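Okay, so here's the structure we're looking at.
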Amino acid sequence: MELFLTIVLFLLGLVLIVKGGDWFVDAASWMATASGIPQFIIGATIVSIATTMPEVIVSTMAATEGSTEMAIGNAIGSVTANTGLIMALSVIFLPAVIKRAQFAPKGLLMVASCVLLWVLCIDGQLSVLESVLVLVLFALFIFENVRSAKLETASGEPQAVEVDKSKKAVIKNVILFVLGAVCLVVGSDLLVDNGTKLAQMIGVSERVIAITMVAIGTSLPELVTAITAIVKKQSSMSVGNILGANIIDITVILPLCAFISGGALTITPGSLTQTVYLDMPICALETAIAVVPTLIFKKFHKLQGILMLCVYIAYLIVTFTI
């Protein structure tokens, strides 16, 4: 009975995070547009950041409660799942041609962020100074996003976006914003507490729960975007969303957790080997498979997606057997 209740509360946490994140993004986007912020700024910054709120809140909540395995596992696991599962499925079902000039900066930044974080964490911790270094890459990502969005806007017809600014719309979006934020926090609390409890009950580490169930769960918004993009035959939309989400997950979550943890995020001795010599290398490998061949051939290949998916499946098998 206790196991059943734990699973129900864990799943409830996932539902609250996904739905709360959806409300939060919609309301934040409306507020930004209604305030007169240019559309390209909204797309390049506010939406990109807001869509990664589930991962950010879950990991920071875990760090606050001292569950560093959950915090790190969710951050790294989300990037690996986004790339090896969600992007892979998108590429398999709908290979896309890319514009190298647009793809290269974000793609290379994603790979560089993964490799840098891996190198910095080899000694078992991420210090404040190292966190600041990682955050510099996040600043570069925002700068590149704004720059490319500006160029895209300048090359096309300027589009004025009209939104409903009535009293009813204001009240509705303020409620959605607050409700979304509350759902994110409450859902994250349920997810972390019951994920930890579930790990103890079934005899696996918090890290395993974090890099599988929690990571895939918090990546559901990206999965929904990918499925929508496949249906609408707009694979590049899904790829772009995943690139942005991955860079923010890598460059923001663990530095924030380091600040919350009192100056340094320490990987627990029990999960150090698996985190540094399995999770992070696989994460870097998945991003490299996604980016390097694409830059060379200027398009995604179906075989590329199959390779990414096979690596992810093999990674899950190894994770559950060691």
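The chains in the structure tokens are called A, B, ... from first to last as shown; in each chain the residues are counted from 1, and the ligands are counted from 1 in the order shown.
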I'd like the contact shell of Val15 in chain A - 9 Å cut-off, only C-alpha atoms, skipping same-chain residues fewer than 3 positions apart - returned as a list in words. Phe10, Leu11, Leu12, Val18, Lys19, Gly20, Cys183, Gly187 and Gly217 of chain A
Using only C-alpha atoms, which residues sit within 12 Å of Val214 in chain A once same-chain residues fewer than 6 positions away are excluded, as a short mmCIF file (atom, residue, chain, number, x, y, z; two decimals) with C-alpha atoms, in the first residue's frame?
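Below is the file that was written, selection10.cif:
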data_model
loop_
_atom_site.label_atom_id
_atom_site.label_comp_id
_atom_site.auth_asym_id
_atom_site.auth_seq_id
_atom_site.Cartn_x
_atom_site.Cartn_y
_atom_site.Cartn_z
CA PHE A 10 5.37 10.67 -7.61
CA LEU A 11 3.15 10.65 -10.73
CA GLY A 13 4.20 15.49 -8.92
CA LEU A 14 5.00 14.87 -12.60
CA VAL A 15 1.50 15.94 -13.68
CA ILE A 17 5.12 19.97 -13.03
CA VAL A 18 4.09 19.45 -16.66
CA PRO A 54 10.43 21.90 -14.52
CA GLU A 55 14.08 20.74 -14.61
CA VAL A 58 13.17 19.98 -9.45
CA SER A 59 16.97 20.14 -9.23
CA ALA A 62 16.48 18.64 -4.51
CA GLU A 69 22.12 12.79 -6.48
CA MET A 70 18.60 13.78 -7.50
CA ALA A 71 19.69 17.31 -8.47
CA ILE A 72 22.63 16.21 -10.62
CA GLY A 73 20.90 13.15 -12.05
CA ASN A 74 17.90 15.18 -13.17
CA ALA A 75 20.02 17.87 -14.86
CA ILE A 76 22.33 15.46 -16.72
CA GLY A 77 19.60 12.87 -17.31
CA SER A 78 17.26 15.47 -18.85
CA VAL A 79 19.88 16.49 -21.42
CA ALA A 81 16.91 12.02 -22.56
CA GLY A 187 5.00 19.14 -7.97
CA SER A 188 8.78 19.33 -7.60
CA LEU A 190 6.31 15.68 -4.42
CA LEU A 191 8.63 14.41 -7.15
CA VAL A 192 11.82 14.78 -5.11
CA ASP A 193 10.40 13.41 -1.83
CA ASN A 194 8.63 10.44 -3.39
CA GLY A 195 11.38 9.80 -5.93
CA THR A 196 13.85 9.50 -3.06
CA LEU A 198 10.76 5.14 -4.20
CA ALA A 199 14.50 4.61 -4.72
CA GLU A 206 18.47 8.25 -6.12
CA ARG A 207 20.73 8.75 -9.13
CA VAL A 208 19.00 5.94 -11.08
CA LEU A 220 7.76 15.77 -21.20
#
Using only C-alpha atoms: which of A:Leu309, A:Ile57, A:Ala63, A:Leu116 has the shortest distance to Thr266 in chain A: A:Ala63
Let me make sure I understand: among A:Gly263, A:Gly21, A:Pro105, A:Pro95, which one has the smallest atom-to-atom distance to Val291 in chain A if we use only C-alpha atoms?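 The answer is A:Pro105, which sits nearest to Val291 in chain A.
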Name the residues in contact with range 165-180 of chain A at a cut-off of 9 Å, using only C-alpha atoms, excluding same-chain residues fewer than 3 positions from it; report them as a VMD selection string. chain A and resid 16 to 17 19 to 28 30 to 31 34 162 183 to 185
Could you produce a table of the residues of range 82-175 of chain A lying within 8 Å of range 235-257 of chain A, with the nearest pair of atoms per residue and their separation in Å rounded to one decimal, using only C-alpha atoms, ordered by chain and increasing residue number, as CSV?
residue,atom,partner,partner_atom,distance
A:Asn82,CA,A:Ile242,CA,6.4
A:Thr83,CA,A:Ile242,CA,7.3
A:Met87,CA,A:Val239,CA,6.3
A:Ser90,CA,A:Ser235,CA,6.3
A:Val91,CA,A:Ser235,CA,7.3
A:Leu94,CA,A:Ser235,CA,6.0
A:Pro95,CA,A:Ser235,CA,7.0
A:Ala96,CA,A:Ser235,CA,6.0
A:Val97,CA,A:Ser236,CA,7.8
A:Ile98,CA,A:Ser236,CA,7.3
A:Lys106,CA,A:Leu243,CA,6.7
A:Gly107,CA,A:Leu243,CA,6.8
A:Leu109,CA,A:Ile247,CA,7.3
A:Met110,CA,A:Ile247,CA,5.3
A:Ser113,CA,A:Ile250,CA,6.5
A:Cys114,CA,A:Ile250,CA,6.6
A:Leu117,CA,A:Ile250,CA,7.5
A:Leu126,CA,A:Pro255,CA,7.5
A:Val128,CA,A:Pro255,CA,7.4
A:Ser131,CA,A:Pro255,CA,4.5
A:Val132,CA,A:Pro255,CA,7.2
A:Val134,CA,A:Thr251,CA,5.4
A:Leu135,CA,A:Thr251,CA,5.5
A:Leu137,CA,A:Thr251,CA,6.5
A:Phe138,CA,A:Thr251,CA,5.4
A:Phe141,CA,A:Ile247,CA,7.6
Which of range 27-219 of chain A fall in strand (DSSP E or B), as a ChimeraX atom specification: /A:97,125-127
For the atom pair CA of Thr33 in chain A and CA of Asp164 in chain A, what is the interatomic distance in Å to one decimal place?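 Between CA of Thr33 in chain A and CA of Asp164 in chain A the gap works out to 10.0 Å.
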Could you give me, as JSON, numbers by chain, each residue of range 55-217 of chain A that DSSP assigns to helix (DSSP H, G or I) when run on this structure's backbone? {"A": [55, 56, 57, 58, 59, 60, 61, 62, 63, 64, 68, 69, 70, 71, 72, 73, 74, 75, 76, 77, 78, 79, 80, 81, 82, 83, 84, 85, 86, 87, 88, 89, 90, 91, 92, 93, 100, 101, 102, 103, 104, 105, 106, 107, 108, 109, 110, 111, 112, 113, 114, 115, 116, 117, 118, 119, 120, 121, 128, 129, 130, 131, 132, 133, 134, 135, 136, 137, 138, 139, 140, 141, 142, 143, 144, 145, 146, 147, 148, 149, 150, 151, 152, 153, 154, 155, 167, 168, 169, 170, 171, 172, 173, 174, 175, 176, 177, 178, 179, 180, 181, 182, 183, 184, 185, 186, 187, 188, 189, 190, 191, 192, 193, 194, 195, 196, 197, 198, 199, 200, 201, 202, 206, 207, 208, 209, 210, 211, 212, 213, 214, 215, 216, 217]}
Go ahead and write the selection's residues with C-alpha atoms as a CSV table (one decimal), in the first residue's frame.
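Output file again_31.csv follows:
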chain,number,residue,atom,x,y,z
A,55,GLU,CA,14.1,20.7,-14.6
A,56,VAL,CA,15.3,23.9,-12.9
A,57,ILE,CA,12.8,23.7,-10.0
A,58,VAL,CA,13.2,20.0,-9.4
A,59,SER,CA,17.0,20.1,-9.2
A,60,THR,CA,17.1,23.3,-7.1
A,61,MET,CA,14.5,21.9,-4.8
A,62,ALA,CA,16.5,18.6,-4.5
A,63,ALA,CA,19.7,20.6,-3.7
A,64,THR,CA,17.8,22.6,-1.1
A,68,THR,CA,22.4,16.1,-4.6
A,69,GLU,CA,22.1,12.8,-6.5
A,70,MET,CA,18.6,13.8,-7.5
A,71,ALA,CA,19.7,17.3,-8.5
A,72,ILE,CA,22.6,16.2,-10.6
A,73,GLY,CA,20.9,13.2,-12.1
A,74,ASN,CA,17.9,15.2,-13.2
A,75,ALA,CA,20.0,17.9,-14.9
A,76,ILE,CA,22.3,15.5,-16.7
A,77,GLY,CA,19.6,12.9,-17.3
A,78,SER,CA,17.3,15.5,-18.8
A,79,VAL,CA,19.9,16.5,-21.4
A,80,THR,CA,20.6,12.8,-22.3
A,81,ALA,CA,16.9,12.0,-22.6
A,82,ASN,CA,16.2,15.2,-24.6
A,83,THR,CA,19.0,14.2,-27.1
A,84,GLY,CA,19.1,10.4,-27.1
A,85,LEU,CA,15.3,9.8,-26.9
A,86,ILE,CA,13.3,12.9,-27.9
A,87,MET,CA,15.6,14.4,-30.6
A,88,ALA,CA,16.5,10.9,-31.8
A,89,LEU,CA,12.8,10.0,-32.4
A,90,SER,CA,12.3,13.4,-34.1
A,91,VAL,CA,15.2,12.7,-36.5
A,92,ILE,CA,14.2,9.1,-37.1
A,93,PHE,CA,10.6,10.0,-38.1
A,100,ARG,CA,24.6,25.6,-40.8
A,101,ALA,CA,24.9,29.3,-39.8
A,102,GLN,CA,21.9,29.1,-37.5
A,103,PHE,CA,22.6,25.6,-36.1
A,104,ALA,CA,26.4,25.8,-35.6
A,105,PRO,CA,26.6,28.3,-32.7
A,106,LYS,CA,23.9,26.6,-30.6
A,107,GLY,CA,25.0,23.1,-31.5
A,108,LEU,CA,28.7,23.7,-30.7
A,109,LEU,CA,27.7,25.6,-27.5
A,110,MET,CA,25.6,22.6,-26.4
A,111,VAL,CA,28.6,20.2,-26.9
A,112,ALA,CA,31.1,22.6,-25.3
A,113,SER,CA,28.8,23.0,-22.3
A,114,CYS,CA,28.5,19.3,-21.8
A,115,VAL,CA,32.3,18.7,-22.1
A,116,LEU,CA,33.1,21.7,-19.9
A,117,LEU,CA,30.8,20.6,-17.1
A,118,TRP,CA,32.2,17.0,-17.3
A,119,VAL,CA,35.8,18.3,-17.0
A,120,LEU,CA,34.9,20.6,-14.1
A,121,CYS,CA,33.2,17.8,-12.2
A,128,VAL,CA,31.4,28.7,-7.1
A,129,LEU,CA,34.2,29.9,-9.5
A,130,GLU,CA,33.5,26.9,-11.8
A,131,SER,CA,29.8,27.6,-11.6
A,132,VAL,CA,30.4,31.2,-12.8
A,133,LEU,CA,32.5,29.9,-15.7
A,134,VAL,CA,29.6,27.6,-16.7
A,135,LEU,CA,27.1,30.6,-16.4
A,136,VAL,CA,29.3,32.5,-18.9
A,137,LEU,CA,28.2,29.9,-21.5
A,138,PHE,CA,24.6,30.6,-20.6
A,139,ALA,CA,25.2,34.3,-21.1
A,140,LEU,CA,26.7,33.5,-24.5
A,141,PHE,CA,23.7,31.4,-25.4
A,142,ILE,CA,21.3,34.3,-24.6
A,143,PHE,CA,23.5,36.7,-26.6
A,144,GLU,CA,23.5,34.3,-29.6
A,145,ASN,CA,19.7,33.8,-29.3
A,146,VAL,CA,19.0,37.5,-29.3
A,147,ARG,CA,21.5,38.2,-32.1
A,148,SER,CA,20.1,35.5,-34.4
A,149,ALA,CA,16.5,36.5,-33.6
A,150,LYS,CA,17.3,40.1,-34.5
A,151,LEU,CA,18.8,39.0,-37.8
A,152,GLU,CA,15.8,36.8,-38.6
A,153,THR,CA,13.4,39.7,-37.7
A,154,ALA,CA,15.4,42.2,-39.9
A,155,SER,CA,15.5,39.8,-42.9
A,167,LYS,CA,-9.1,43.3,-17.5
A,168,LYS,CA,-10.3,39.7,-17.9
A,169,ALA,CA,-7.2,38.7,-19.8
A,170,VAL,CA,-4.9,40.3,-17.1
A,171,ILE,CA,-6.7,38.5,-14.3
A,172,LYS,CA,-6.6,35.2,-16.2
A,173,ASN,CA,-2.9,35.4,-16.9
A,174,VAL,CA,-1.9,36.5,-13.5
A,175,ILE,CA,-3.8,33.6,-12.0
A,176,LEU,CA,-2.2,31.2,-14.5
A,177,PHE,CA,1.2,32.6,-13.7
A,178,VAL,CA,0.8,32.2,-10.0
A,179,LEU,CA,-1.0,28.8,-10.3
A,180,GLY,CA,1.7,27.6,-12.7
A,181,ALA,CA,4.5,28.6,-10.3
A,182,VAL,CA,2.7,27.0,-7.3
A,183,CYS,CA,2.2,23.7,-9.3
A,184,LEU,CA,5.9,23.7,-10.3
A,185,VAL,CA,7.0,24.1,-6.6
A,186,VAL,CA,4.5,21.6,-5.1
A,187,GLY,CA,5.0,19.1,-8.0
A,188,SER,CA,8.8,19.3,-7.6
A,189,ASP,CA,8.5,18.8,-3.9
A,190,LEU,CA,6.3,15.7,-4.4
A,191,LEU,CA,8.6,14.4,-7.1
A,192,VAL,CA,11.8,14.8,-5.1
A,193,ASP,CA,10.4,13.4,-1.8
A,194,ASN,CA,8.6,10.4,-3.4
A,195,GLY,CA,11.4,9.8,-5.9
A,196,THR,CA,13.9,9.5,-3.1
A,197,LYS,CA,11.4,7.3,-1.1
A,198,LEU,CA,10.8,5.1,-4.2
A,199,ALA,CA,14.5,4.6,-4.7
A,200,GLN,CA,14.9,3.4,-1.1
A,201,MET,CA,11.8,1.1,-1.4
A,202,ILE,CA,12.9,-0.6,-4.6
A,206,GLU,CA,18.5,8.2,-6.1
A,207,ARG,CA,20.7,8.8,-9.1
A,208,VAL,CA,19.0,5.9,-11.1
A,209,ILE,CA,15.5,7.3,-10.3
A,210,ALA,CA,16.7,10.8,-11.2
A,211,ILE,CA,18.4,10.1,-14.6
A,212,THR,CA,15.5,7.9,-15.7
A,213,MET,CA,12.0,8.5,-14.3
A,214,VAL,CA,12.5,12.1,-13.1
A,215,ALA,CA,14.6,13.2,-16.1
A,216,ILE,CA,12.2,11.8,-18.7
A,217,GLY,CA,9.2,13.2,-16.7
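Here the question is which of A:Ser127, A:Leu278, A:Ser271, A:Leu316 gets nearest to Phe259 in chain A using only C-alpha atoms, and that residue is A:Ser127.
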